[in-house]
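Scroll down for the structure; my scribbles are underneath it.
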Amino acid sequence: MLERMLSARRAPLHSDEAEVEDDESKTRKHISFAMRASTYLTRLGYLLPCLLLGVVLSCIILISTWSRRLACAPSSDAASRFSFFGFDGPDSDFGSLGVPWCRSKHGKTVQWTSKDLLKGLEEFVPIYEKRPIKNNMYGMGFDHSFGLWFMAQWLKPDLMIESGAFKGHSTWVLRQAMPDTRIVSLSPRHPEKYLKKGPAYVDGNCTYFAGKDFVDFGSVDWRSVMKQHGITDLSRVLIFFDDHQNELKRIKQALKAGFQHLIFEDNYDTGTGDHYSLRQICDQFYIRGGGHSCFRDSDEARERAKRKKFWEKAVDTDELCGAGEEWWGVRGQMRDNFNHSNKDISYTEHFMNSRFVESVLDVYWELPPVAGPSLTHQSRYDPARVSSPIVEDGRFGLFQRLGLGRLEPFVFNGYTQMVYLQISEQES
Ligand SMILES: C[S@@+](CC[C@H](N)C(=O)[O-])C[C@H]1O[C@@H](n2cnc3c(N)ncnc32)[C@H](O)[C@@H]1O
Ligand SMILES: *[C@@H]1O[C@H](CO)[C@@H](O)[C@H](O)[C@H]1NC(C)=O
Ligand SMILES: *[C@@H]1O[C@H](CO)[C@@H](O)[C@H](O)[C@H]1NC(C)=O
């Protein structure tokens with residue numbers, strides 16, 4: 001029922017102008033037909049044409065109230081966001097902004113398709129429902145749990161390394177994807193500590209560098225850890241970062257150790273977040289959706305001001321730009337370590353950082369949100385700044401069929417553009 005409503009709305013709301021035009025032409029057709037009919041029918045007397053005209057007039061009234069109803073904002077928050085922006089969202093109505101991304105060396109991409117993602121979703125929902133940590137506040141929600149699980153089971157690594165475990169939810173997700181594969185987990189506080197207070201997950205086949213044994217990813221002697229775990233081919237190792245550290249720093253550390261497959265949980269958009277992220281690093285004028293204007297009277301400023309009212313994480317130009325109009329990173333800062341350590345960088349430094357990352361990037365792939373906001377009711381990220389969801393708005397039947405409707409809405413609120421990278425040293 002709702003699906004029918006949504007798909008019925010989808011077409012007319014696609015473009016307000018088209019809708020108006022369409023209705024006018026319909027009306028015109030009715031009138032000319034009525035006129036022709038009435039001319040013909042005058043010969044037969046006045047009663048019939050009057051009746052016909054009456055029918056046509058009620059048609060016109062019906063059509064116009066119907067279209068007004070469609071154009072009116074429905075009561076719920078999410079719905080009003082849609083009637084305001086239309087369903088087509090991302091590409092068409094974000095003007096100069098659009099969806100940003102990172103350029104890779106040769107334009108290589110991933111092997112999996114949206115069909116594979118859909119199949120994956122169907123398999124993952126029942127797994128997710130059995131998760132030990134039901135309310136993972138400050139940790140991963142559904143979208144990223146799915147992304148991590150999907151990529152781990154697709155890539156089938158010989159070893160999985162995670163940095164930033166919290167209560168162990170992501171360790172559990174990795175374990176669901178690969179039941180027999182060793183995990184190495186780095187986290188200042190051991191997940192077992194959380195067991196005293198409530199649900200947590202400690203894995204039986206995981207080497208923990210945690211608690212008193214904690215070592216930061218950049219300080220681990222990876223050569224000896226690989227030897228201990230019988231790993232000779234570093235291209236068979238998958239690293240998952242959810243430690244809120246500067247991602248440029250992490251990429252350099254991973255390259256130095258020889259790792260190639262990285263997933264970053266938090267890939268914040270420019271102007272947001274607590275650490276320098278891939279999206280921020282790549283943000284340049286030559287990338288679609290990249291490079292920003294701090295001019296208060298620009299199209300971008302107007303678009304931002306408008307969208308900020310609807311999406312919690314959207315930032316307006318005042319929030320985006322520092323005092324000297326620094327838009328890159330977060331107001332010209334390269335943030336690190338949960339925003340505890342920040343460094344002002346010049347545009348030149350930022351630009352050099354982006355060129356460096358491009359020079360080592362073989363693949364850049366952002367996990368799409370699992371479903372459109374009219375289905376998940378998320379209100380945090382702006383759909384115009386993310387790729388098209390796996391289950392698109394309007395596909396309520398599919399959303400239900402996949403079991404996504406059974407999940408509590410808050411699990412859809414944590415999407416921050418999780419990204420998968422393949423990296424390698426620059427070829428000389
Ligand atoms: C957002 S939480 C991780 C959530 C987790 N992956 C999950 O499944 O929900 C960030 C974690 O990073 C840890 N952390 C802080 N500094 C770190 C560092 N330098 N290396 C690794 N982990 C770190 C924090 O203690 C915290 O447990
Ligand atoms: C560790 O992995 C091995 C091999 O897959 C398995 O036999 C064993 O049961 C696992 N141990 C735990 C505690 O999960
Ligand atoms: C991040 O740190 C800066 C100081 O460098 C501070 O001005 C800012 O308010 C902090 N932001 C958040 C969200 O904590």
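Scheme for the structure tokens: letters A, B, ... for chains in order shown; per-chain residue numbers from 1; ligand numbers from 1 in order shown.
For ligand 1, the neighbouring protein, DNA and RNA residues, which are those within 7 Å when only C-alpha atoms and all ligand atoms are counted, are A:Asn136, A:Tyr138, A:Gly139, A:Met140, A:Ser163, A:Gly164, A:Ala165, A:Phe166, A:Lys167, A:Gly168, A:His169, A:Ser170, A:Thr171, A:Leu186, A:Ser187, A:Pro188, A:Arg189, A:Asp216, A:Phe217, A:Asp242, A:Asp243, A:His244, A:Gln245, A:Asn337.
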Output the selection as a JSON list (two decimals), in the first residue's frame - N, CA and C atoms for each residue.
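See part_23.json below for the written result:
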[["chain", "number", "residue", "atom", "x", "y", "z"],
["A", 136, "ASN", "N", 24.36, -0.69, 19.84],
["A", 136, "ASN", "CA", 25.80, -0.40, 19.73],
["A", 136, "ASN", "C", 26.03, 1.10, 19.59],
["A", 138, "TYR", "N", 27.55, 4.63, 19.67],
["A", 138, "TYR", "CA", 28.94, 5.03, 19.45],
["A", 138, "TYR", "C", 29.70, 4.03, 18.59],
["A", 139, "GLY", "N", 29.06, 2.95, 18.21],
["A", 139, "GLY", "CA", 29.71, 1.97, 17.34],
["A", 139, "GLY", "C", 28.95, 1.87, 16.03],
["A", 140, "MET", "N", 29.17, 0.76, 15.34],
["A", 140, "MET", "CA", 28.59, 0.62, 14.02],
["A", 140, "MET", "C", 27.10, 0.31, 14.04],
["A", 163, "SER", "N", 41.33, -2.15, 13.76],
["A", 163, "SER", "CA", 41.86, -1.15, 14.69],
["A", 163, "SER", "C", 40.68, -0.33, 15.19],
["A", 164, "GLY", "N", 40.40, -0.45, 16.50],
["A", 164, "GLY", "CA", 39.23, 0.21, 17.09],
["A", 164, "GLY", "C", 38.10, -0.78, 17.28],
["A", 165, "ALA", "N", 38.08, -1.48, 18.41],
["A", 165, "ALA", "CA", 37.13, -2.58, 18.60],
["A", 165, "ALA", "C", 35.92, -2.19, 19.46],
["A", 166, "PHE", "N", 36.10, -1.25, 20.37],
["A", 166, "PHE", "CA", 35.03, -0.86, 21.30],
["A", 166, "PHE", "C", 34.51, -2.12, 21.99],
["A", 167, "LYS", "N", 33.21, -2.43, 21.92],
["A", 167, "LYS", "CA", 32.70, -3.61, 22.64],
["A", 167, "LYS", "C", 32.86, -4.91, 21.85],
["A", 168, "GLY", "N", 33.37, -4.78, 20.62],
["A", 168, "GLY", "CA", 33.64, -5.99, 19.84],
["A", 168, "GLY", "C", 32.60, -6.31, 18.77],
["A", 169, "HIS", "N", 31.69, -5.38, 18.51],
["A", 169, "HIS", "CA", 30.68, -5.65, 17.49],
["A", 169, "HIS", "C", 31.32, -5.94, 16.12],
["A", 170, "SER", "N", 32.28, -5.11, 15.72],
["A", 170, "SER", "CA", 32.89, -5.32, 14.40],
["A", 170, "SER", "C", 33.71, -6.62, 14.37],
["A", 171, "THR", "N", 34.27, -7.00, 15.51],
["A", 171, "THR", "CA", 34.98, -8.30, 15.57],
["A", 171, "THR", "C", 33.98, -9.41, 15.27],
["A", 186, "LEU", "N", 43.19, -4.41, 17.50],
["A", 186, "LEU", "CA", 43.93, -3.42, 18.27],
["A", 186, "LEU", "C", 42.94, -2.43, 18.88],
["A", 187, "SER", "N", 42.99, -2.27, 20.18],
["A", 187, "SER", "CA", 42.09, -1.31, 20.82],
["A", 187, "SER", "C", 42.61, -1.01, 22.23],
["A", 188, "PRO", "N", 42.66, 0.27, 22.60],
["A", 188, "PRO", "CA", 43.24, 0.60, 23.91],
["A", 188, "PRO", "C", 42.54, -0.12, 25.07],
["A", 189, "ARG", "N", 41.25, -0.28, 24.98],
["A", 189, "ARG", "CA", 40.50, -0.93, 26.04],
["A", 189, "ARG", "C", 40.04, -2.28, 25.54],
["A", 216, "ASP", "N", 49.56, 0.86, 19.04],
["A", 216, "ASP", "CA", 48.92, 1.54, 17.93],
["A", 216, "ASP", "C", 49.33, 0.89, 16.61],
["A", 217, "PHE", "N", 48.41, 0.87, 15.65],
["A", 217, "PHE", "CA", 48.66, 0.26, 14.34],
["A", 217, "PHE", "C", 50.00, 0.69, 13.74],
["A", 242, "ASP", "N", 38.54, 1.54, 12.41],
["A", 242, "ASP", "CA", 37.43, 2.27, 13.03],
["A", 242, "ASP", "C", 37.97, 2.94, 14.29],
["A", 243, "ASP", "N", 39.12, 3.59, 14.12],
["A", 243, "ASP", "CA", 39.81, 4.14, 15.29],
["A", 243, "ASP", "C", 39.89, 5.67, 15.28],
["A", 244, "HIS", "N", 39.19, 6.29, 14.37],
["A", 244, "HIS", "CA", 39.08, 7.76, 14.32],
["A", 244, "HIS", "C", 40.44, 8.47, 14.27],
["A", 245, "GLN", "N", 41.35, 7.86, 13.51],
["A", 245, "GLN", "CA", 42.66, 8.49, 13.32],
["A", 245, "GLN", "C", 42.71, 9.08, 11.91],
["A", 337, "ASN", "N", 42.72, 11.76, 15.73],
["A", 337, "ASN", "CA", 42.50, 11.18, 17.05],
["A", 337, "ASN", "C", 41.28, 11.74, 17.77]]
Those of region 73-301 of chain A in DSSP strand (DSSP E), formatted as a ChimeraX atom specification: /A:159-163,182-187,206-210,237-241,261-264
Between chain A and ligand 3, at 12 Å or less, what are the per-residue closest atom pairs and their distances in Å? Count only C-alpha atoms and all ligand atoms, order by chain and rising residue number, and return it as a tab-separated table.
residue	atom	partner	partner_atom_place_in_ligand_line	distance
A:Gly271	CA	ligand 3	13 (C)	10.5
A:Thr272	CA	ligand 3	13 (C)	8.3
A:Gly273	CA	ligand 3	13 (C)	7.2
A:Asp274	CA	ligand 3	13 (C)	6.7
A:His275	CA	ligand 3	1 (C)	9.5
A:Tyr276	CA	ligand 3	1 (C)	11.9
A:Lys313	CA	ligand 3	13 (C)	11.9
A:Glu319	CA	ligand 3	9 (O)	11.0
A:Gly322	CA	ligand 3	7 (O)	10.8
A:Gly329	CA	ligand 3	1 (C)	12.0
A:Val330	CA	ligand 3	1 (C)	9.0
A:Arg331	CA	ligand 3	3 (C)	9.9
A:Gly332	CA	ligand 3	5 (O)	10.7
A:Gln333	CA	ligand 3	5 (O)	7.9
A:Met334	CA	ligand 3	5 (O)	9.5
A:Arg335	CA	ligand 3	1 (C)	7.7
A:Asp336	CA	ligand 3	1 (C)	9.4
A:Asn337	CA	ligand 3	1 (C)	10.3
A:Phe338	CA	ligand 3	14 (O)	8.2
A:Asn339	CA	ligand 3	1 (C)	4.8
A:His340	CA	ligand 3	2 (O)	6.4
A:Ser341	CA	ligand 3	5 (O)	6.8
A:Asn342	CA	ligand 3	5 (O)	5.3
A:Lys343	CA	ligand 3	5 (O)	7.6
A:Asp344	CA	ligand 3	5 (O)	8.8
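Using only C-alpha atoms and all ligand atoms, the smallest distance between any of A:Tyr201, A:Phe399, A:Phe351, A:Trp154 and ligand 2 comes from A:Tyr201.
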Expected answer as a VMD selection string: residues within 9 Å of ligand 2, only C-alpha atoms and all ligand atoms: chain A and resid 179 to 182 203 to 206
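Of the listed residues A:Tyr286, A:Trp149, A:Phe356, A:Tyr415, the one whose atoms come nearest to Asn267 (chain A) is A:Tyr415, with distances taken using only C-alpha atoms.
For the choices A:Trp101, A:Phe412, A:Tyr268, A:Tyr128, the atom-to-atom distance to Gly372 (chain A) is smallest for A:Phe412 when using only C-alpha atoms.
Of the residues in region 327-395 of chain A, those that DSSP places in helix (DSSP H, G or I) on the basis of the backbone are A:Tyr347, A:Thr348, A:Glu349, A:His350, A:Phe351, A:Met352, A:Asn353, A:Ser354, A:Arg355, A:Phe356, A:Val357, A:Glu358, A:Ser359, A:Val360, A:Pro373, A:Ser374, A:Leu375, A:Thr376, A:Pro383, A:Ala384, A:Arg385.
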Requested write-out: C-alpha atoms of the selected residues, as a CSV table (one decimal), in the first residue's frame:
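Okay, part_7.csv is ready:
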chain,number,residue,atom,x,y,z
A,347,TYR,CA,45.4,24.7,0.8
A,348,THR,CA,48.7,23.7,-0.8
A,349,GLU,CA,49.3,21.1,1.8
A,350,HIS,CA,45.8,19.8,1.4
A,351,PHE,CA,46.3,19.7,-2.4
A,352,MET,CA,49.6,17.8,-2.0
A,353,ASN,CA,47.8,15.3,0.3
A,354,SER,CA,45.2,14.6,-2.3
A,355,ARG,CA,47.7,14.2,-5.0
A,356,PHE,CA,49.7,11.7,-2.8
A,357,VAL,CA,46.5,9.7,-2.1
A,358,GLU,CA,45.6,9.6,-5.8
A,359,SER,CA,49.0,8.4,-6.6
A,360,VAL,CA,48.7,5.3,-4.4
A,373,PRO,CA,15.7,7.7,3.8
A,374,SER,CA,12.0,7.4,3.1
A,375,LEU,CA,12.4,3.7,3.9
A,376,THR,CA,14.8,3.8,6.8
A,383,PRO,CA,21.0,11.8,0.5
A,384,ALA,CA,22.3,14.3,-2.1
A,385,ARG,CA,25.9,13.8,-0.8
What lies within 10 Å of His292 (chain A) using only C-alpha atoms, ignoring chain neighbours under 4 positions off, as a PyMOL selection string? chain A and resi 96-97+270+283-285+300-301+317+320-321+325-328
Excluding Leu121 (chain A) and any residue of its chain fewer than 6 positions from it, enumerate the residues within 12 Å of it, using only C-alpha atoms, and give them as a VMD selection string. chain A and resid 114 to 115 127 to 128 142 to 151 369 to 371 390 to 391 398 to 404
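Closest to Glu408 (chain A) among A:Glu312, A:Lys134, A:Gly211, A:Asp269 is A:Lys134, based on only C-alpha atoms.
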